[in-house]
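Pasting entry_6.pdb here (PDB, C-alpha atoms and all ligand atoms):
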```
ATOM      1  CA  MET A   1     109.874 113.688  95.863  1.00  0.00           C
ATOM      2  CA  ASN A   2     112.710 111.709  94.317  1.00  0.00           C
ATOM      3  CA  CYS A   3     111.137 109.147  91.988  1.00  0.00           C
ATOM      4  CA  ARG A   4     112.984 105.806  91.880  1.00  0.00           C
ATOM      5  CA  VAL A   5     113.135 103.735  88.707  1.00  0.00           C
ATOM      6  CA  LYS A   6     112.865  99.972  88.315  1.00  0.00           C
ATOM      7  CA  ILE A   7     113.777  98.443  84.972  1.00  0.00           C
ATOM      8  CA  CYS A   8     112.042  95.074  84.680  1.00  0.00           C
ATOM      9  CA  GLY A   9     112.536  92.072  82.412  1.00  0.00           C
ATOM     10  CA  ILE A  10     116.324  91.875  82.629  1.00  0.00           C
ATOM     11  CA  THR A  11     117.662  88.708  80.975  1.00  0.00           C
ATOM     12  CA  ASN A  12     121.387  89.383  80.536  1.00  0.00           C
ATOM     13  CA  VAL A  13     124.260  91.016  82.393  1.00  0.00           C
ATOM     14  CA  GLU A  14     124.971  93.602  79.675  1.00  0.00           C
ATOM     15  CA  ASP A  15     121.485  95.100  80.011  1.00  0.00           C
ATOM     16  CA  ALA A  16     121.696  94.925  83.808  1.00  0.00           C
ATOM     17  CA  LEU A  17     124.961  96.861  83.997  1.00  0.00           C
ATOM     18  CA  MET A  18     123.818  99.317  81.317  1.00  0.00           C
ATOM     19  CA  ALA A  19     120.660 100.135  83.325  1.00  0.00           C
ATOM     20  CA  CYS A  20     122.774 100.616  86.465  1.00  0.00           C
ATOM     21  CA  ARG A  21     125.108 103.009  84.611  1.00  0.00           C
ATOM     22  CA  HIS A  22     122.114 105.136  83.665  1.00  0.00           C
ATOM     23  CA  GLY A  23     120.846 105.285  87.245  1.00  0.00           C
ATOM     24  CA  ALA A  24     118.322 102.452  87.694  1.00  0.00           C
ATOM     25  CA  ASP A  25     117.497 101.917  91.365  1.00  0.00           C
ATOM     26  CA  ALA A  26     116.107  98.411  90.925  1.00  0.00           C
ATOM     27  CA  LEU A  27     116.207  95.667  88.299  1.00  0.00           C
ATOM     28  CA  GLY A  28     113.414  93.135  87.797  1.00  0.00           C
ATOM     29  CA  PHE A  29     113.884  89.487  86.859  1.00  0.00           C
ATOM     30  CA  VAL A  30     110.840  87.540  85.656  1.00  0.00           C
ATOM     31  CA  PHE A  31     110.525  83.972  86.982  1.00  0.00           C
ATOM     32  CA  TYR A  32     107.278  83.290  85.132  1.00  0.00           C
ATOM     33  CA  ALA A  33     107.840  80.619  82.513  1.00  0.00           C
ATOM     34  CA  LYS A  34     105.142  81.927  80.142  1.00  0.00           C
ATOM     35  CA  SER A  35     106.778  85.356  79.880  1.00  0.00           C
ATOM     36  CA  PRO A  36     109.026  86.144  76.897  1.00  0.00           C
ATOM     37  CA  ARG A  37     111.261  87.782  79.526  1.00  0.00           C
ATOM     38  CA  TYR A  38     111.638  84.618  81.612  1.00  0.00           C
ATOM     39  CA  VAL A  39     115.071  84.106  83.101  1.00  0.00           C
ATOM     40  CA  SER A  40     116.290  81.011  84.934  1.00  0.00           C
ATOM     41  CA  PRO A  41     117.254  81.193  88.624  1.00  0.00           C
ATOM     42  CA  GLU A  42     120.840  80.295  87.715  1.00  0.00           C
ATOM     43  CA  VAL A  43     121.268  83.029  85.086  1.00  0.00           C
ATOM     44  CA  ALA A  44     119.518  85.630  87.262  1.00  0.00           C
ATOM     45  CA  ASN A  45     121.617  84.880  90.313  1.00  0.00           C
ATOM     46  CA  ASP A  46     124.771  85.030  88.216  1.00  0.00           C
ATOM     47  CA  ILE A  47     123.730  88.536  87.053  1.00  0.00           C
ATOM     48  CA  VAL A  48     122.803  89.633  90.588  1.00  0.00           C
ATOM     49  CA  ALA A  49     126.247  88.610  91.851  1.00  0.00           C
ATOM     50  CA  GLN A  50     127.736  91.164  89.400  1.00  0.00           C
ATOM     51  CA  LEU A  51     125.532  94.133  90.310  1.00  0.00           C
ATOM     52  CA  PRO A  52     127.078  97.226  91.887  1.00  0.00           C
ATOM     53  CA  PRO A  53     126.027  98.161  95.436  1.00  0.00           C
ATOM     54  CA  PHE A  54     122.880 100.220  96.085  1.00  0.00           C
ATOM     55  CA  VAL A  55     120.913  98.581  93.261  1.00  0.00           C
ATOM     56  CA  THR A  56     118.048  96.293  94.337  1.00  0.00           C
ATOM     57  CA  PRO A  57     117.356  93.091  92.410  1.00  0.00           C
ATOM     58  CA  VAL A  58     113.636  92.253  92.354  1.00  0.00           C
ATOM     59  CA  ALA A  59     112.439  88.684  91.761  1.00  0.00           C
ATOM     60  CA  LEU A  60     109.044  88.674  90.020  1.00  0.00           C
ATOM     61  CA  PHE A  61     106.737  85.672  90.501  1.00  0.00           C
ATOM     62  CA  VAL A  62     103.199  84.905  89.319  1.00  0.00           C
ATOM     63  CA  ASP A  63     101.509  82.424  91.662  1.00  0.00           C
ATOM     64  CA  ALA A  64     104.770  80.472  91.822  1.00  0.00           C
ATOM     65  CA  ASP A  65     105.579  77.391  93.870  1.00  0.00           C
ATOM     66  CA  GLU A  66     107.122  78.065  97.248  1.00  0.00           C
ATOM     67  CA  SER A  67     110.101  75.891  96.241  1.00  0.00           C
ATOM     68  CA  LEU A  68     110.946  78.133  93.250  1.00  0.00           C
ATOM     69  CA  ILE A  69     110.694  81.330  95.296  1.00  0.00           C
ATOM     70  CA  THR A  70     112.862  79.864  98.052  1.00  0.00           C
ATOM     71  CA  LYS A  71     115.425  78.623  95.521  1.00  0.00           C
ATOM     72  CA  VAL A  72     115.789  82.059  93.943  1.00  0.00           C
ATOM     73  CA  VAL A  73     115.865  84.250  97.017  1.00  0.00           C
ATOM     74  CA  THR A  74     118.064  82.120  99.248  1.00  0.00           C
ATOM     75  CA  ALA A  75     120.875  82.352  96.682  1.00  0.00           C
ATOM     76  CA  ASN A  76     121.486  86.044  97.415  1.00  0.00           C
ATOM     77  CA  SER A  77     120.490  88.188 100.393  1.00  0.00           C
ATOM     78  CA  ARG A  78     119.893  91.237  98.159  1.00  0.00           C
ATOM     79  CA  TRP A  79     116.645  89.985  96.617  1.00  0.00           C
ATOM     80  CA  MET A  80     113.364  91.809  97.065  1.00  0.00           C
ATOM     81  CA  ILE A  81     110.239  89.956  95.844  1.00  0.00           C
ATOM     82  CA  GLN A  82     107.466  91.177  93.513  1.00  0.00           C
ATOM     83  CA  PHE A  83     104.289  89.081  93.678  1.00  0.00           C
ATOM     84  CA  HIS A  84     102.386  89.645  90.430  1.00  0.00           C
ATOM     85  CA  GLY A  85      99.643  87.007  90.710  1.00  0.00           C
ATOM     86  CA  SER A  86      96.781  86.431  93.119  1.00  0.00           C
ATOM     87  CA  GLU A  87      98.974  85.719  96.147  1.00  0.00           C
ATOM     88  CA  THR A  88      97.471  86.436  99.572  1.00  0.00           C
ATOM     89  CA  GLU A  89      99.218  88.481 102.243  1.00  0.00           C
ATOM     90  CA  ALA A  90      99.961  85.259 104.163  1.00  0.00           C
ATOM     91  CA  GLU A  91     101.679  83.798 101.087  1.00  0.00           C
ATOM     92  CA  CYS A  92     103.647  86.962 100.365  1.00  0.00           C
ATOM     93  CA  SER A  93     104.939  87.383 103.906  1.00  0.00           C
ATOM     94  CA  GLY A  94     106.413  83.903 104.343  1.00  0.00           C
ATOM     95  CA  TYR A  95     109.901  84.511 102.924  1.00  0.00           C
ATOM     96  CA  GLN A  96     111.515  86.948 105.391  1.00  0.00           C
ATOM     97  CA  ARG A  97     112.195  89.286 102.470  1.00  0.00           C
ATOM     98  CA  PRO A  98     110.848  92.726 101.650  1.00  0.00           C
ATOM     99  CA  TYR A  99     108.157  92.399  99.014  1.00  0.00           C
ATOM    100  CA  MET A 100     105.820  94.436  96.863  1.00  0.00           C
ATOM    101  CA  LYS A 101     102.404  93.221  95.814  1.00  0.00           C
ATOM    102  CA  ALA A 102     101.187  94.015  92.319  1.00  0.00           C
ATOM    103  CA  LEU A 103      97.524  94.925  91.940  1.00  0.00           C
ATOM    104  CA  ARG A 104      96.076  94.931  88.424  1.00  0.00           C
ATOM    105  CA  VAL A 105      93.735  97.884  88.239  1.00  0.00           C
ATOM    106  CA  LYS A 106      90.352  98.053  86.514  1.00  0.00           C
ATOM    107  CA  GLU A 107      87.463 100.520  86.681  1.00  0.00           C
ATOM    108  CA  GLY A 108      85.554 100.243  89.952  1.00  0.00           C
ATOM    109  CA  ASP A 109      88.449  98.843  92.013  1.00  0.00           C
ATOM    110  CA  ASP A 110      88.868 100.243  95.513  1.00  0.00           C
ATOM    111  CA  ILE A 111      92.645 100.572  95.390  1.00  0.00           C
ATOM    112  CA  ALA A 112      92.964 101.818  98.971  1.00  0.00           C
ATOM    113  CA  SER A 113      91.096  98.783 100.383  1.00  0.00           C
ATOM    114  CA  LEU A 114      93.064  96.360  98.215  1.00  0.00           C
ATOM    115  CA  THR A 115      96.301  97.957  99.407  1.00  0.00           C
ATOM    116  CA  ASP A 116      95.217  97.589 103.029  1.00  0.00           C
ATOM    117  CA  GLN A 117      95.022  93.809 102.520  1.00  0.00           C
ATOM    118  CA  TYR A 118      98.854  93.743 102.435  1.00  0.00           C
ATOM    119  CA  PRO A 119      99.998  95.380 105.702  1.00  0.00           C
ATOM    120  CA  THR A 120     103.382  93.607 105.540  1.00  0.00           C
ATOM    121  CA  ALA A 121     104.227  94.845 102.022  1.00  0.00           C
ATOM    122  CA  SER A 122     107.060  97.324 101.516  1.00  0.00           C
ATOM    123  CA  ALA A 123     105.229  98.820  98.545  1.00  0.00           C
ATOM    124  CA  ILE A 124     102.209  98.347  96.310  1.00  0.00           C
ATOM    125  CA  LEU A 125     102.678  98.190  92.542  1.00  0.00           C
ATOM    126  CA  LEU A 126      99.768  99.213  90.329  1.00  0.00           C
ATOM    127  CA  ASP A 127      99.608  97.721  86.836  1.00  0.00           C
ATOM    128  CA  ALA A 128      96.913  97.626  84.151  1.00  0.00           C
ATOM    129  CA  TYR A 129      94.373  94.797  84.255  1.00  0.00           C
ATOM    130  CA  LYS A 130      94.081  92.702  81.104  1.00  0.00           C
ATOM    131  CA  ALA A 131      92.080  89.475  81.209  1.00  0.00           C
ATOM    132  CA  GLY A 132      94.225  86.373  80.907  1.00  0.00           C
ATOM    133  CA  VAL A 133      97.582  88.194  81.042  1.00  0.00           C
ATOM    134  CA  PRO A 134      99.238  88.736  84.435  1.00  0.00           C
ATOM    135  CA  GLY A 135     101.497  91.633  83.435  1.00  0.00           C
ATOM    136  CA  GLY A 136     104.017  93.071  81.028  1.00  0.00           C
ATOM    137  CA  THR A 137     101.107  93.975  78.732  1.00  0.00           C
ATOM    138  CA  GLY A 138     102.305  97.437  77.721  1.00  0.00           C
ATOM    139  CA  GLU A 139      98.883  98.812  78.604  1.00  0.00           C
ATOM    140  CA  VAL A 140      98.214 101.979  80.613  1.00  0.00           C
ATOM    141  CA  PHE A 141      95.379 102.147  83.162  1.00  0.00           C
ATOM    142  CA  ASN A 142      93.369 105.173  84.225  1.00  0.00           C
ATOM    143  CA  TRP A 143      95.703 106.962  86.659  1.00  0.00           C
ATOM    144  CA  SER A 144      92.851 109.069  87.989  1.00  0.00           C
ATOM    145  CA  LEU A 145      91.591 105.921  89.790  1.00  0.00           C
ATOM    146  CA  ILE A 146      94.596 106.144  92.138  1.00  0.00           C
ATOM    147  CA  PRO A 147      93.650 107.652  95.516  1.00  0.00           C
ATOM    148  CA  ALA A 148      95.545 110.761  96.639  1.00  0.00           C
ATOM    149  CA  SER A 149      97.043 108.830  99.519  1.00  0.00           C
ATOM    150  CA  LEU A 150      97.729 105.149 100.078  1.00  0.00           C
ATOM    151  CA  SER A 151      98.949 103.267 103.142  1.00  0.00           C
ATOM    152  CA  LYS A 152     102.017 102.037 101.216  1.00  0.00           C
ATOM    153  CA  PRO A 153     104.607 103.565  98.882  1.00  0.00           C
ATOM    154  CA  LEU A 154     103.250 103.391  95.324  1.00  0.00           C
ATOM    155  CA  VAL A 155     105.129 101.878  92.398  1.00  0.00           C
ATOM    156  CA  LEU A 156     103.436 102.916  89.156  1.00  0.00           C
ATOM    157  CA  ALA A 157     103.612 100.445  86.242  1.00  0.00           C
ATOM    158  CA  GLY A 158     101.716  99.543  83.115  1.00  0.00           C
ATOM    159  CA  GLY A 159     102.540 100.833  79.658  1.00  0.00           C
ATOM    160  CA  LEU A 160     105.059 103.426  80.786  1.00  0.00           C
ATOM    161  CA  THR A 161     107.317 104.710  78.027  1.00  0.00           C
ATOM    162  CA  VAL A 162     109.842 107.410  77.213  1.00  0.00           C
ATOM    163  CA  GLU A 163     106.877 109.457  75.947  1.00  0.00           C
ATOM    164  CA  ASN A 164     104.566 109.256  78.979  1.00  0.00           C
ATOM    165  CA  VAL A 165     106.783 108.743  82.036  1.00  0.00           C
ATOM    166  CA  GLU A 166     107.381 112.440  82.765  1.00  0.00           C
ATOM    167  CA  GLN A 167     103.638 113.162  82.737  1.00  0.00           C
ATOM    168  CA  ALA A 168     102.962 110.026  84.832  1.00  0.00           C
ATOM    169  CA  VAL A 169     105.363 111.155  87.543  1.00  0.00           C
ATOM    170  CA  LYS A 170     103.962 114.709  87.509  1.00  0.00           C
ATOM    171  CA  GLN A 171     100.358 113.491  87.746  1.00  0.00           C
ATOM    172  CA  VAL A 172     100.691 110.540  90.160  1.00  0.00           C
ATOM    173  CA  ALA A 173     103.819 111.449  92.165  1.00  0.00           C
ATOM    174  CA  PRO A 174     104.670 107.773  92.785  1.00  0.00           C
ATOM    175  CA  TYR A 175     107.477 106.527  95.009  1.00  0.00           C
ATOM    176  CA  ALA A 176     108.832 104.689  91.948  1.00  0.00           C
ATOM    177  CA  VAL A 177     108.026 103.810  88.357  1.00  0.00           C
ATOM    178  CA  ASP A 178     108.475 100.379  86.814  1.00  0.00           C
ATOM    179  CA  VAL A 179     108.898  99.649  83.110  1.00  0.00           C
ATOM    180  CA  SER A 180     109.448  96.599  81.000  1.00  0.00           C
ATOM    181  CA  GLY A 181     108.173  96.723  77.401  1.00  0.00           C
ATOM    182  CA  GLY A 182     108.578 100.500  77.084  1.00  0.00           C
ATOM    183  CA  VAL A 183     112.372 100.321  77.107  1.00  0.00           C
ATOM    184  CA  GLU A 184     112.840  97.241  74.924  1.00  0.00           C
ATOM    185  CA  LEU A 185     114.436  96.721  71.525  1.00  0.00           C
ATOM    186  CA  SER A 186     112.666  93.360  71.389  1.00  0.00           C
ATOM    187  CA  LYS A 187     111.108  91.123  74.066  1.00  0.00           C
ATOM    188  CA  GLY A 188     113.723  90.591  76.799  1.00  0.00           C
ATOM    189  CA  LEU A 189     116.353  92.903  75.280  1.00  0.00           C
ATOM    190  CA  LYS A 190     116.694  96.494  76.461  1.00  0.00           C
ATOM    191  CA  SER A 191     117.407  99.594  74.374  1.00  0.00           C
ATOM    192  CA  GLU A 192     120.158 101.742  75.909  1.00  0.00           C
ATOM    193  CA  SER A 193     118.749 104.982  74.502  1.00  0.00           C
ATOM    194  CA  LYS A 194     115.254 104.169  75.774  1.00  0.00           C
ATOM    195  CA  VAL A 195     116.534 103.235  79.248  1.00  0.00           C
ATOM    196  CA  GLN A 196     118.508 106.477  79.429  1.00  0.00           C
ATOM    197  CA  GLU A 197     115.609 108.621  78.175  1.00  0.00           C
ATOM    198  CA  PHE A 198     113.116 106.844  80.441  1.00  0.00           C
ATOM    199  CA  ILE A 199     115.179 107.501  83.573  1.00  0.00           C
ATOM    200  CA  SER A 200     115.743 111.135  82.515  1.00  0.00           C
ATOM    201  CA  GLY A 201     111.999 111.533  81.916  1.00  0.00           C
ATOM    202  CA  ALA A 202     111.136 110.107  85.338  1.00  0.00           C
ATOM    203  CA  LYS A 203     113.591 112.528  86.989  1.00  0.00           C
ATOM    204  CA  ARG A 204     112.213 115.519  85.030  1.00  0.00           C
ATOM    205  CA  GLY A 205     108.712 114.726  86.262  1.00  0.00           C
ATOM    206  CA  GLN A 206     109.562 114.691  89.957  1.00  0.00           C
TER     207      GLN A 206
HETATM  208  O1  LIG B 301     107.351  91.541  82.073  1.00  0.00           O
HETATM  209  C1  LIG B 301     106.680  90.506  82.010  1.00  0.00           C
HETATM  210  O2  LIG B 301     106.789  89.720  81.056  1.00  0.00           O
HETATM  211  C2  LIG B 301     105.698  90.180  83.094  1.00  0.00           C
HETATM  212  C3  LIG B 301     105.101  88.930  83.085  1.00  0.00           C
HETATM  213  C4  LIG B 301     104.201  88.605  84.069  1.00  0.00           C
HETATM  214  C5  LIG B 301     103.888  89.490  85.070  1.00  0.00           C
HETATM  215  C6  LIG B 301     104.469  90.756  85.086  1.00  0.00           C
HETATM  216  C7  LIG B 301     105.374  91.107  84.111  1.00  0.00           C
HETATM  217  N1  LIG B 301     105.971  92.366  84.086  1.00  0.00           N
HETATM  218  C8  LIG B 301     105.553  93.461  84.896  1.00  0.00           C
HETATM  219  O3  LIG B 301     104.399  94.062  84.328  1.00  0.00           O
HETATM  220  C9  LIG B 301     104.393  95.443  84.620  1.00  0.00           C
HETATM  221  C10 LIG B 301     104.097  96.266  83.383  1.00  0.00           C
HETATM  222  O4  LIG B 301     104.975  95.985  82.345  1.00  0.00           O
HETATM  223  P1  LIG B 301     105.020  96.912  81.014  1.00  0.00           P
HETATM  224  O5  LIG B 301     105.943  98.064  81.339  1.00  0.00           O
HETATM  225  O6  LIG B 301     103.621  97.357  80.728  1.00  0.00           O
HETATM  226  O7  LIG B 301     105.606  96.056  79.936  1.00  0.00           O
HETATM  227  C11 LIG B 301     105.721  95.761  85.260  1.00  0.00           C
HETATM  228  O8  LIG B 301     105.512  95.812  86.662  1.00  0.00           O
HETATM  229  C12 LIG B 301     106.580  94.570  84.987  1.00  0.00           C
HETATM  230  O9  LIG B 301     107.412  94.378  86.102  1.00  0.00           O
END
```
Can you present the structure in this file as structure tokens?
Ligand SMILES: O=C(O)c1ccccc1N[C@@H]1O[C@H](COP(=O)(O)O)[C@@H](O)[C@H]1O
Amino acid sequence: MNCRVKICGITNVEDALMACRHGADALGFVFYAKSPRYVSPEVANDIVAQLPPFVTPVALFVDADESLITKVVTANSRWMIQFHGSETEAECSGYQRPYMKALRVKEGDDIASLTDQYPTASAILLDAYKAGVPGGTGEVFNWSLIPASLSKPLVLAGGLTVENVEQAVKQVAPYAVDVSGGVELSKGLKSESKVQEFISGAKRGQ
């Protein structure tokens, strides 16, 4: 199956357009103030207004106020939402936007049951669990914990890099992969060669 690629942690238009040129299907913008990849609603919406068609902007929130989410997503009809905190299905489904729910995986989790708690989600994103850090940790989780079939399309995240993405796609066969730290020059700034190699690696694995 064709594996889509989301490049997360975009903070500037140059990186956004560069990722699009190399074939990114989606771009993630982090509206979590404690993240080194935080971007303001104004800057993000200015970047989104310059994106080419057929690329999905994804607004990432961690247990954010309703007012912030509404402010971001009402500025452009193209936004999809990524909930990366402990949001309930009722909270996630209140914005009339497609959304994916991130689940942070640890040993013993029943991923299929957790996925079934979000029947309105467009996709489920699986990331590594690390105590005290909601995401963007650069850590890989044990992919063998992922059930062979899930009730939602699977977005695989967590410590993906140029080196491991091909194997990840071969082993897990996700709908999409999502990367942030693995394609950076420094926090919040993307490396063109890493973005290009990451997308090529994801396509080789499919
Ligand atoms: O990127 C961040 O800073 C971030 C902050 C808070 C929650 C999620 C965040 N990013 C997401 O984390 C995963 C894994 O990132 P990485 O590739 O391991 O760096 C990914 O879904 C990002 O979208």
What separates CA of Gly159 (chain A) and CA of Asp127 (chain A) is a distance of 8.4 Å
Mind running chain A against ligand LIG 301 (chain B) at 7 Å and telling me each contacting residue's nearest atom pair with the distance in Å (one decimal), counting only C-alpha atoms and all ligand atoms, chain and number ascending, as a tab-separated table?
```
residue	atom	partner	partner_atom	distance
A:Cys8	CA	B:LIG301	O9	4.9
A:Gly9	CA	B:LIG301	O1	5.2
A:Gly28	CA	B:LIG301	O9	6.4
A:Val30	CA	B:LIG301	C1	6.3
A:Tyr32	CA	B:LIG301	C4	6.2
A:Ser35	CA	B:LIG301	O2	4.5
A:Pro36	CA	B:LIG301	O2	5.9
A:Arg37	CA	B:LIG301	O2	5.1
A:Val62	CA	B:LIG301	C5	6.3
A:His84	CA	B:LIG301	C5	5.6
A:Leu125	CA	B:LIG301	O8	6.9
A:Asp127	CA	B:LIG301	C9	5.7
A:Pro134	CA	B:LIG301	C5	4.8
A:Gly135	CA	B:LIG301	C6	3.5
A:Gly136	CA	B:LIG301	O4	3.3
A:Thr137	CA	B:LIG301	O6	4.7
A:Gly138	CA	B:LIG301	O6	3.3
A:Glu139	CA	B:LIG301	O6	5.4
A:Ala157	CA	B:LIG301	O8	5.0
A:Gly158	CA	B:LIG301	O6	3.8
A:Gly159	CA	B:LIG301	O6	3.8
A:Leu160	CA	B:LIG301	O5	5.5
A:Asp178	CA	B:LIG301	O8	5.4
A:Val179	CA	B:LIG301	O5	3.8
A:Ser180	CA	B:LIG301	O5	3.8
A:Gly181	CA	B:LIG301	O7	3.7
A:Gly182	CA	B:LIG301	O5	5.6
```
Residues near Lys6 (chain A), anyone? I mean within 6 Å using all atoms listed in the file, not counting same-chain ones fewer than 5 positions away, as a PDB file with C-alpha atoms, in the frame of the given file.
```
ATOM      1  CA  ASP A  25     117.497 101.917  91.365  1.00  0.00           C
ATOM      2  CA  ALA A  26     116.107  98.411  90.925  1.00  0.00           C
ATOM      3  CA  LEU A  27     116.207  95.667  88.299  1.00  0.00           C
ATOM      4  CA  ASP A 178     108.475 100.379  86.814  1.00  0.00           C
TER       5      ASP A 178
END
```
9 Å contact set for Arg78 (chain A), only C-alpha atoms, chain neighbours under 5 positions out, as a list in words = Val48, Val55, Thr56, Pro57, Val58 and Val73 of chain A
Box dimensions and centre (Å, one decimal) enclosing region 113-122 of chain A, axis-aligned, 8 Å extra per side, as AutoDock Vina command-line options:
```
--center_x 99.1 --center_y 96.2 --center_z 102.0 --size_x 32.0 --size_y 21.2 --size_z 23.5
```
Contacts of Ala121 (chain A) at 8 Å or less, counting only C-alpha atoms, minus same-chain residues fewer than 6 places along, as a list of chain:residue names?
->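 Near neighbours after the sequence-gap exclusion: A:Ser93, A:Pro98, A:Tyr99, A:Met100, A:Lys101, A:Lys152.
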Tell me which of A:Glu14, A:Met1, A:Arg204, A:Ser40 sits closest to Ser191 (chain A), counting all atoms listed in the file.
->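 Of all the options, A:Glu14 lies closest to Ser191 (chain A).
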Got a sec to resolve the PyMOL selection byres (((chain A and resi 68) around 12) and not hetatm) on this structure and send the residues as a compact mmCIF listing (two decimals) with C-alpha atoms, in the coordinates of the input?
```txt
# COMPACT_ATOMS: atom_id res chain seq x y z
CA PHE A 31 110.52 83.97 86.98
CA TYR A 32 107.28 83.29 85.13
CA ALA A 33 107.84 80.62 82.51
CA SER A 40 116.29 81.01 84.93
CA PRO A 41 117.25 81.19 88.62
CA GLU A 42 120.84 80.30 87.72
CA ALA A 59 112.44 88.68 91.76
CA LEU A 60 109.04 88.67 90.02
CA PHE A 61 106.74 85.67 90.50
CA VAL A 62 103.20 84.90 89.32
CA ASP A 63 101.51 82.42 91.66
CA ALA A 64 104.77 80.47 91.82
CA ASP A 65 105.58 77.39 93.87
CA GLU A 66 107.12 78.06 97.25
CA SER A 67 110.10 75.89 96.24
CA ILE A 69 110.69 81.33 95.30
CA THR A 70 112.86 79.86 98.05
CA LYS A 71 115.42 78.62 95.52
CA VAL A 72 115.79 82.06 93.94
CA VAL A 73 115.86 84.25 97.02
CA THR A 74 118.06 82.12 99.25
CA ALA A 75 120.88 82.35 96.68
CA TYR A 95 109.90 84.51 102.92
```
Any idea what's packed within 12 Å of Ile199 (chain A), counting only C-alpha atoms, ignoring anything in its chain fewer than 6 positions away? Could you give it as an MDAnalysis selection string?
-> chainID A and resid 2:7 19:26 160:166 169 176:179 182:183 192:193 205:206
Selection to disk with C-alpha atoms, as a CSV table (one decimal), keeping the file's coordinate frame:
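Writing done, so here's again.csv:
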```csv
chain,number,residue,atom,x,y,z
A,2,ASN,CA,112.7,111.7,94.3
A,3,CYS,CA,111.1,109.1,92.0
A,4,ARG,CA,113.0,105.8,91.9
A,5,VAL,CA,113.1,103.7,88.7
A,6,LYS,CA,112.9,100.0,88.3
A,7,ILE,CA,113.8,98.4,85.0
A,19,ALA,CA,120.7,100.1,83.3
A,20,CYS,CA,122.8,100.6,86.5
A,21,ARG,CA,125.1,103.0,84.6
A,22,HIS,CA,122.1,105.1,83.7
A,23,GLY,CA,120.8,105.3,87.2
A,24,ALA,CA,118.3,102.5,87.7
A,25,ASP,CA,117.5,101.9,91.4
A,26,ALA,CA,116.1,98.4,90.9
A,160,LEU,CA,105.1,103.4,80.8
A,161,THR,CA,107.3,104.7,78.0
A,162,VAL,CA,109.8,107.4,77.2
A,163,GLU,CA,106.9,109.5,75.9
A,164,ASN,CA,104.6,109.3,79.0
A,165,VAL,CA,106.8,108.7,82.0
A,166,GLU,CA,107.4,112.4,82.8
A,169,VAL,CA,105.4,111.2,87.5
A,176,ALA,CA,108.8,104.7,91.9
A,177,VAL,CA,108.0,103.8,88.4
A,178,ASP,CA,108.5,100.4,86.8
A,179,VAL,CA,108.9,99.6,83.1
A,182,GLY,CA,108.6,100.5,77.1
A,183,VAL,CA,112.4,100.3,77.1
A,192,GLU,CA,120.2,101.7,75.9
A,193,SER,CA,118.7,105.0,74.5
A,205,GLY,CA,108.7,114.7,86.3
A,206,GLN,CA,109.6,114.7,90.0
```
Leaving out Glu107 (chain A) and any residue of its chain fewer than 6 positions from it, which residues lie within 12 Å of it when counting only C-alpha atoms, given as a PyMOL selection string?
-> chain A and resi 128-130+141-146
Filled-in N, CA, C and O atoms of region 159-168 of chain A, supplied as a CSV table (one decimal), keeping the file's coordinate frame:
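Heads up, here's the output in part.csv:
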```csv
chain,number,residue,atom,x,y,z
A,159,GLY,N,102.5,100.0,80.9
A,159,GLY,CA,102.5,100.8,79.7
A,159,GLY,C,103.3,102.1,79.8
A,159,GLY,O,103.1,103.0,79.0
A,160,LEU,N,104.2,102.2,80.7
A,160,LEU,CA,105.1,103.4,80.8
A,160,LEU,C,106.1,103.4,79.7
A,160,LEU,O,106.6,102.3,79.3
A,161,THR,N,106.4,104.6,79.2
A,161,THR,CA,107.3,104.7,78.0
A,161,THR,C,108.1,106.0,78.2
A,161,THR,O,107.8,106.8,79.1
A,162,VAL,N,109.1,106.2,77.3
A,162,VAL,CA,109.8,107.4,77.2
A,162,VAL,C,108.9,108.6,77.0
A,162,VAL,O,109.1,109.7,77.5
A,163,GLU,N,107.8,108.4,76.3
A,163,GLU,CA,106.9,109.5,75.9
A,163,GLU,C,106.0,109.9,77.1
A,163,GLU,O,105.6,111.0,77.2
A,164,ASN,N,105.6,108.9,78.0
A,164,ASN,CA,104.6,109.3,79.0
A,164,ASN,C,105.1,109.3,80.4
A,164,ASN,O,104.3,109.6,81.3
A,165,VAL,N,106.3,108.9,80.6
A,165,VAL,CA,106.8,108.7,82.0
A,165,VAL,C,106.9,110.1,82.8
A,165,VAL,O,106.5,110.2,84.0
A,166,GLU,N,107.3,111.1,82.1
A,166,GLU,CA,107.4,112.4,82.8
A,166,GLU,C,106.0,112.9,83.3
A,166,GLU,O,105.8,113.3,84.4
A,167,GLN,N,105.0,112.8,82.4
A,167,GLN,CA,103.6,113.2,82.7
A,167,GLN,C,103.1,112.3,83.9
A,167,GLN,O,102.4,112.7,84.8
A,168,ALA,N,103.4,111.0,83.8
A,168,ALA,CA,103.0,110.0,84.8
A,168,ALA,C,103.5,110.4,86.2
A,168,ALA,O,102.8,110.5,87.2
```
